[in-house]
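Q: target32.tsv is reproduced in full below (TSV, C-alpha atoms).
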```
chain	number	residue	atom	x	y	z
H	1	MET	CA	-54.05	72.48	-79.54
H	2	ALA	CA	-55.62	70.92	-76.45
H	3	GLY	CA	-54.45	72.42	-73.18
H	4	VAL	CA	-53.35	70.18	-70.31
H	5	PHE	CA	-55.01	70.99	-66.97
H	6	VAL	CA	-53.22	69.28	-64.11
H	7	THR	CA	-55.50	67.93	-61.39
H	8	LEU	CA	-54.11	68.36	-57.89
H	9	ASP	CA	-56.37	65.87	-56.10
H	10	PRO	CA	-53.75	63.06	-56.22
H	11	VAL	CA	-51.28	65.42	-54.55
H	12	GLY	CA	-53.82	66.24	-51.85
H	13	GLY	CA	-54.34	62.51	-51.36
H	14	LEU	CA	-50.62	61.96	-50.81
H	15	ARG	CA	-50.53	64.78	-48.28
H	16	GLN	CA	-53.52	63.33	-46.46
H	17	THR	CA	-51.86	59.91	-46.30
H	18	SER	CA	-48.67	61.38	-44.86
H	19	GLY	CA	-50.50	63.33	-42.15
H	20	SER	CA	-48.24	66.32	-42.78
H	21	SER	CA	-48.38	69.53	-44.80
H	22	ARG	CA	-46.44	68.03	-47.70
H	23	PRO	CA	-46.60	67.66	-50.60
H	24	ASP	CA	-48.28	71.04	-50.92
H	25	PRO	CA	-50.71	71.15	-53.87
H	26	VAL	CA	-50.15	74.89	-54.23
H	27	ALA	CA	-46.41	74.37	-54.75
H	28	VAL	CA	-47.10	71.60	-57.26
H	29	ALA	CA	-49.40	73.96	-59.17
H	30	ALA	CA	-46.58	76.49	-59.50
H	31	TYR	CA	-44.18	73.89	-60.90
H	32	ALA	CA	-46.83	72.50	-63.27
H	33	GLN	CA	-47.47	75.93	-64.77
H	34	VAL	CA	-43.76	76.55	-65.28
H	35	ALA	CA	-43.61	73.21	-67.10
H	36	GLY	CA	-46.30	74.33	-69.55
H	37	ALA	CA	-49.65	73.35	-68.06
H	38	ALA	CA	-52.51	75.39	-69.51
H	39	GLY	CA	-54.21	75.43	-66.13
H	40	ILE	CA	-54.78	73.81	-62.76
H	41	ALA	CA	-57.77	71.77	-61.62
H	42	ALA	CA	-58.82	70.97	-58.06
H	43	SER	CA	-61.92	69.63	-56.35
H	44	LEU	CA	-64.31	71.45	-54.05
H	45	GLY	CA	-66.69	69.64	-51.75
H	46	ASN	CA	-65.74	66.07	-52.56
H	47	GLU	CA	-66.25	63.54	-49.79
H	48	GLU	CA	-62.54	62.73	-49.45
H	49	GLY	CA	-61.64	66.37	-48.81
H	50	THR	CA	-58.12	66.02	-50.14
H	51	ILE	CA	-58.10	69.62	-51.38
H	52	THR	CA	-58.94	72.15	-48.67
H	53	GLU	CA	-60.54	75.57	-48.84
H	54	ARG	CA	-57.14	76.96	-47.84
H	55	ASP	CA	-55.62	75.31	-50.93
H	56	LEU	CA	-58.28	76.73	-53.20
H	57	ARG	CA	-57.92	80.27	-51.88
H	58	LEU	CA	-54.15	80.16	-52.30
H	59	LEU	CA	-54.53	78.69	-55.75
H	60	ARG	CA	-56.87	81.52	-56.76
H	61	ASP	CA	-54.22	84.00	-55.63
H	62	THR	CA	-51.29	82.24	-57.31
H	63	VAL	CA	-52.51	80.45	-60.46
H	64	HIS	CA	-51.60	82.71	-63.39
H	65	THR	CA	-53.00	80.45	-66.12
H	66	ARG	CA	-56.56	79.17	-65.57
H	67	LEU	CA	-58.06	77.68	-62.43
H	68	LEU	CA	-60.69	74.97	-62.76
H	69	ILE	CA	-62.77	73.79	-59.83
H	70	THR	CA	-64.55	70.46	-60.13
H	71	MET	CA	-67.49	70.16	-57.78
H	72	PRO	CA	-70.91	68.64	-57.18
H	73	ALA	CA	-73.82	70.75	-58.32
H	74	ALA	CA	-74.91	71.35	-54.73
H	75	ALA	CA	-76.61	74.63	-53.76
H	76	GLU	CA	-74.58	74.87	-50.53
H	77	LEU	CA	-71.32	75.02	-52.54
H	78	LEU	CA	-72.31	77.66	-55.08
H	79	GLY	CA	-71.65	80.60	-52.77
H	80	LEU	CA	-68.13	79.44	-52.03
H	81	ALA	CA	-67.48	78.78	-55.71
H	82	MET	CA	-68.57	82.31	-56.61
H	83	ASP	CA	-66.42	83.71	-53.80
H	84	LEU	CA	-63.38	81.80	-55.10
H	85	ARG	CA	-64.09	82.97	-58.66
H	86	PRO	CA	-62.34	80.22	-60.64
H	87	ASP	CA	-62.12	80.62	-64.38
H	88	VAL	CA	-64.12	77.43	-64.93
H	89	VAL	CA	-66.39	75.23	-62.82
H	90	ILE	CA	-66.95	71.62	-63.80
H	91	PHE	CA	-70.03	69.97	-62.35
H	92	ASN	CA	-69.21	66.30	-61.86
H	93	ALA	CA	-71.92	65.00	-59.48
H	94	MET	CA	-75.19	66.15	-57.95
H	95	ASN	CA	-74.28	66.18	-54.25
H	96	PRO	CA	-71.15	66.13	-52.07
H	97	SER	CA	-71.83	62.63	-50.69
H	98	MET	CA	-71.18	60.95	-54.03
H	99	ALA	CA	-68.05	60.63	-56.12
H	100	ALA	CA	-68.38	61.44	-59.80
H	101	PRO	CA	-70.21	58.38	-61.18
H	102	LEU	CA	-68.93	56.62	-64.29
H	103	GLY	CA	-70.42	58.62	-67.13
H	104	GLY	CA	-70.72	61.76	-65.03
H	105	ILE	CA	-74.07	63.44	-64.43
H	106	ASP	CA	-77.09	61.90	-66.13
H	107	LEU	CA	-78.70	64.94	-67.72
H	108	MET	CA	-81.73	62.92	-68.75
H	109	VAL	CA	-82.56	63.06	-65.04
H	110	HIS	CA	-80.87	66.23	-63.80
H	111	HIS	CA	-80.66	68.81	-66.60
H	112	GLN	CA	-83.48	70.95	-65.18
H	113	ASP	CA	-81.90	70.79	-61.70
H	114	LEU	CA	-78.66	72.15	-63.15
H	115	GLU	CA	-80.08	75.11	-65.03
H	116	ASP	CA	-80.27	77.48	-62.05
H	117	SER	CA	-76.79	76.53	-60.82
H	118	ILE	CA	-75.27	77.05	-64.25
H	119	LYS	CA	-77.04	80.38	-64.66
H	120	ALA	CA	-75.85	81.61	-61.25
H	121	LEU	CA	-72.22	80.93	-62.14
H	122	THR	CA	-72.32	82.21	-65.71
H	123	ASN	CA	-73.99	85.43	-64.50
H	124	ASN	CA	-70.91	85.90	-62.31
H	125	GLY	CA	-68.52	85.49	-65.22
H	126	ILE	CA	-67.59	81.86	-64.51
H	127	ARG	CA	-67.63	79.39	-67.38
H	128	VAL	CA	-69.38	76.10	-66.65
H	129	LEU	CA	-68.70	72.63	-68.00
H	130	VAL	CA	-70.54	69.43	-67.17
H	131	LEU	CA	-68.97	65.97	-66.88
H	132	ILE	CA	-71.16	63.64	-68.95
H	133	ALA	CA	-71.07	60.43	-70.94
H	134	PRO	CA	-70.22	60.86	-74.64
H	135	GLN	CA	-73.80	60.32	-75.76
H	136	PRO	CA	-75.66	62.60	-78.20
H	137	GLU	CA	-78.67	63.10	-75.92
H	138	GLN	CA	-76.44	64.06	-72.98
H	139	ILE	CA	-74.53	66.60	-75.06
H	140	LYS	CA	-77.72	68.19	-76.40
H	141	LEU	CA	-79.14	68.43	-72.88
H	142	ALA	CA	-75.94	70.14	-71.68
H	143	LEU	CA	-76.58	72.79	-74.31
H	144	GLN	CA	-80.20	73.17	-73.18
H	145	ALA	CA	-79.07	73.54	-69.56
H	146	GLY	CA	-76.86	76.49	-70.53
H	147	ALA	CA	-73.40	74.93	-70.15
H	148	ASP	CA	-70.47	76.47	-72.00
H	149	GLY	CA	-68.95	73.08	-72.69
H	150	VAL	CA	-68.77	69.42	-71.77
H	151	VAL	CA	-66.14	67.19	-70.26
H	152	LEU	CA	-66.67	63.83	-71.91
H	153	ASP	CA	-65.95	61.02	-69.48
H	154	ALA	CA	-63.11	58.98	-70.98
H	155	ARG	CA	-62.91	56.40	-68.19
H	156	GLU	CA	-64.73	53.68	-70.11
H	157	PHE	CA	-62.18	54.09	-72.92
H	158	SER	CA	-59.18	54.42	-70.60
H	159	LEU	CA	-60.12	51.45	-68.42
H	160	GLY	CA	-61.39	49.21	-71.21
H	161	THR	CA	-60.54	45.54	-70.83
H	162	SER	CA	-61.08	44.32	-74.39
H	163	PRO	CA	-60.16	45.69	-77.82
H	164	GLU	CA	-63.83	45.72	-78.78
H	165	GLN	CA	-64.83	47.75	-75.73
H	166	ILE	CA	-61.95	50.18	-76.21
H	167	ASP	CA	-62.76	50.69	-79.90
H	168	GLN	CA	-66.44	51.24	-79.19
H	169	SER	CA	-65.73	53.69	-76.36
H	170	PHE	CA	-63.25	55.58	-78.51
H	171	GLY	CA	-65.82	55.88	-81.29
H	172	HIS	CA	-68.34	57.33	-78.86
H	173	LEU	CA	-65.79	59.89	-77.67
H	174	VAL	CA	-64.89	60.98	-81.20
H	175	ASP	CA	-68.56	61.33	-82.16
H	176	GLY	CA	-69.22	63.26	-78.94
H	177	ILE	CA	-66.32	65.64	-79.51
H	178	LYS	CA	-67.50	66.43	-83.02
H	179	LEU	CA	-71.14	66.87	-81.99
H	180	ALA	CA	-70.25	69.18	-79.11
H	181	HIS	CA	-68.09	71.26	-81.43
H	182	ARG	CA	-70.92	71.56	-83.97
H	183	LEU	CA	-73.25	72.70	-81.19
H	184	LYS	CA	-70.75	75.41	-80.14
H	185	LEU	CA	-69.97	73.63	-76.87
H	186	ASP	CA	-66.33	73.41	-75.84
H	187	PRO	CA	-65.36	69.69	-75.91
H	188	TRP	CA	-63.00	68.54	-73.14
H	189	LEU	CA	-61.84	65.08	-72.08
H	190	GLY	CA	-61.11	63.72	-68.62
H	191	GLY	CA	-60.69	60.39	-66.90
H	192	GLY	CA	-57.72	58.01	-67.03
H	193	LEU	CA	-55.84	59.84	-69.77
H	194	ASN	CA	-52.11	59.18	-70.14
H	195	THR	CA	-49.32	59.27	-72.71
H	196	ASN	CA	-50.19	55.73	-73.83
H	197	ASN	CA	-53.81	56.41	-74.79
H	198	LEU	CA	-53.65	60.09	-75.80
H	199	PRO	CA	-52.10	59.33	-79.23
H	200	ALA	CA	-55.49	57.91	-80.25
H	201	PHE	CA	-56.81	61.50	-80.28
H	202	ILE	CA	-54.10	63.00	-82.49
H	203	GLY	CA	-55.73	65.08	-85.20
H	204	LEU	CA	-58.91	65.86	-83.22
H	205	GLY	CA	-58.25	69.56	-83.08
H	206	GLU	CA	-61.72	70.28	-81.70
H	207	ILE	CA	-60.64	69.19	-78.20
H	208	GLN	CA	-60.17	72.26	-75.99
H	209	GLY	CA	-58.81	70.77	-72.79
H	210	LEU	CA	-57.51	67.57	-71.19
H	211	ILE	CA	-57.95	67.11	-67.45
H	212	ILE	CA	-55.18	64.85	-66.18
H	213	GLY	CA	-53.87	64.14	-62.70
H	214	HIS	CA	-53.00	60.61	-61.65
H	215	SER	CA	-50.83	59.70	-64.63
H	216	ILE	CA	-48.80	62.91	-64.37
H	217	ILE	CA	-48.17	62.53	-60.64
H	218	THR	CA	-47.21	58.85	-60.96
H	219	GLN	CA	-44.86	59.60	-63.86
H	220	ALA	CA	-43.33	62.39	-61.77
H	221	LEU	CA	-42.15	59.77	-59.27
H	222	PHE	CA	-39.77	58.50	-61.98
H	223	VAL	CA	-38.79	61.56	-64.00
H	224	GLY	CA	-39.75	64.56	-61.88
H	225	LEU	CA	-42.76	66.84	-62.13
H	226	HIS	CA	-41.36	69.22	-64.72
H	227	GLN	CA	-40.62	66.44	-67.20
H	228	ALA	CA	-43.86	64.59	-66.45
H	229	VAL	CA	-45.94	67.68	-67.22
H	230	GLY	CA	-43.75	68.52	-70.21
H	231	GLU	CA	-44.27	65.08	-71.72
H	232	MET	CA	-48.02	65.40	-71.43
H	233	VAL	CA	-48.01	68.92	-72.85
H	234	ALA	CA	-45.91	67.77	-75.81
H	235	MET	CA	-48.33	64.92	-76.48
H	236	ALA	CA	-51.34	67.24	-76.21
H	237	GLY	CA	-49.66	69.59	-78.66
H	238	ARG	CA	-50.10	66.93	-81.36
H	239	ILE	CA	-53.89	66.82	-80.89
```
Here is a file; write its structure as structure tokens.
A:
Amino acid sequence: MAGVFVTLDPVGGLRQTSGSSRPDPVAVAAYAQVAGAAGIAASLGNEEGTITERDLRLLRDTVHTRLLITMPAAAELLGLAMDLRPDVVIFNAMNPSMAAPLGGIDLMVHHQDLEDSIKALTNNGIRVLVLIAPQPEQIKLALQAGADGVVLDAREFSLGTSPEQIDQSFGHLVDGIKLAHRLKLDPWLGGGLNTNNLPAFIGLGEIQGLIIGHSIITQALFVGLHQAVGEMVAMAGRI
């Protein structure tokens, strides 16, 4: 069964917009775990800065499931990441000045640059995943770089504008999931996932984790956070 990891960045964005201390991402994390989330995800070092170091330190002290930190693979952030000691780090870009590009990190260009960063974290007991496009060469390079798993970027599938594009993107994701699994890499998915498109993945038991934020928080506006997380967990339980 794929675990649902609730991303807190949308909550941090709401707090930033309000100019107040609420909603508190740390409180949302507590509710999400009670509702059945397998873990909590939050960003470190992104340009928007919606999640603060204070949030991350409190999350490390209070998350009783698994804490994921998504971050650029920047040398200046590695020390803080090792100090925070999350369960998993997901590299999603190469430097803090850029948002995660569509398709994630291009390992054809950067796999050698990542090797030292991955090794530093894994030597400190932190598992490392890399956000990449669902392409065979990218997955094989993630293995060469020493990653424990891959987060396959599902945004092209989730945001597809034509049936042909959606079908093609879905096929790439399925092939990527199966290849990663054969290579002993943990296959995860992230990017635009919701209860409408997740049923496409039912039966793909190789998927280890689903990283979901925006759709859960928007659904919570209508039904409350507990039910919104519960709905997603129930859907993921069919995968």
Q: With only C-alpha atoms as the counted atoms, please give the residues lying no more than 6 Å from range 75-92 of chain H, apart from itself and same-chain residues fewer than 6 positions off, as a PyMOL selection string.
A: chain H and resi 66-69+100+104+126-131
Q: Put those residues in a file: C-alpha atoms, as a CSV table (one decimal), keeping the file's coordinate frame.
A:
```csv
chain,number,residue,atom,x,y,z
H,66,ARG,CA,-56.6,79.2,-65.6
H,67,LEU,CA,-58.1,77.7,-62.4
H,68,LEU,CA,-60.7,75.0,-62.8
H,69,ILE,CA,-62.8,73.8,-59.8
H,100,ALA,CA,-68.4,61.4,-59.8
H,104,GLY,CA,-70.7,61.8,-65.0
H,126,ILE,CA,-67.6,81.9,-64.5
H,127,ARG,CA,-67.6,79.4,-67.4
H,128,VAL,CA,-69.4,76.1,-66.6
H,129,LEU,CA,-68.7,72.6,-68.0
H,130,VAL,CA,-70.5,69.4,-67.2
H,131,LEU,CA,-69.0,66.0,-66.9
```
Q: Report, in Å to a single decimal, how far apart CA of Thr195 in chain H and CA of Gly237 in chain H are.
A: 11.9 Å
Q: Can you tell me how far CA of Ala154 in chain H sits from CA of Gly45 in chain H, in Å to one decimal?
A: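 Spanning CA of Ala154 in chain H to CA of Gly45 in chain H is a straight-line distance of 22.3 Å.
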Q: Between CA of His64 in chain H and CA of Ala37 in chain H, what is the distance, to one decimal in Å?
A: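 Pair CA of His64 in chain H / CA of Ala37 in chain H returns 10.6 Å.
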Q: Rank nothing, just name the residue among H:Thr50, H:Gln112, H:Ser215, H:Gln135 nearest to Val6 in chain H, using all atoms listed in the file.
A: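 Nearest to Val6 in chain H: H:Ser215.
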Q: Excluding Asn194 in chain H and residues on its chain fewer than 3 positions from it, collect all residues at most 9 Å away from it, counting only C-alpha atoms, and give them as number ranges by chain.
A: H: 158, 197-198, 212, 214-216, 232
Q: Got a sec: who's within 10 Å of Leu189 in chain H, counting all atoms listed in the file, leaving out chain neighbours fewer than 5 positions off, as a PyMOL selection string?
A: chain H and resi 2+131-132+134+150-155+173+177+207-212
Q: Determine, counting only C-alpha atoms, every residue of protein, DNA or RNA that lies within 7 Å of (-42.5, 74.7, -68.4) in the file coordinates, then give the result as a PDB file with C-alpha atoms, in the frame of the given file.
A:
```pdb
ATOM      1  CA  GLN H  33     -47.470  75.930 -64.770  1.00  0.00           C
ATOM      2  CA  VAL H  34     -43.760  76.550 -65.280  1.00  0.00           C
ATOM      3  CA  ALA H  35     -43.610  73.210 -67.100  1.00  0.00           C
ATOM      4  CA  GLY H  36     -46.300  74.330 -69.550  1.00  0.00           C
ATOM      5  CA  HIS H 226     -41.360  69.220 -64.720  1.00  0.00           C
ATOM      6  CA  GLY H 230     -43.750  68.520 -70.210  1.00  0.00           C
TER       7      GLY H 230
END
```
Q: Would you please work out which residue, of H:Pro199, H:Pro96, H:Gly125, H:Gly13, is nearest to Ala74 in chain H when using all atoms listed in the file?
A: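 Closest candidate: H:Pro96.
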Q: Please list as a list in words every residue within 10 Å of Asp116 in chain H, counting all atoms listed in the file and excluding residues in the same chain fewer than 4 positions away.
A: Ala75, His111, Gln112, Ala120, Leu121, Thr122, Ala145 and Gly146 of chain H
Q: What lies within 12 Å of range 7-11 of chain H using only C-alpha atoms, ignoring chain neighbours under 6 positions off, as number ranges by chain?
A: H: 17-18, 21-33, 37-52, 55-56, 59, 67-70, 190-193, 210-218, 220-221, 225, 229
Q: Pick the closest to Lys140 in chain H from H:Leu14, H:Met98, H:Ala236, H:Met108: which is it, counting all atoms listed in the file?
A: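 The shortest atom-to-atom distance to Lys140 in chain H comes from H:Met108.
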Q: Extending 6 Å beyond the listed atoms of range 66-70 of chain H on each side, what axis-aligned box results? I want centre and edge lengths in Å to one decimal, as AutoDock Vina command-line options.
A:
```
--center_x -60.6 --center_y 74.8 --center_z -62.7 --size_x 20.0 --size_y 20.7 --size_z 17.7
```
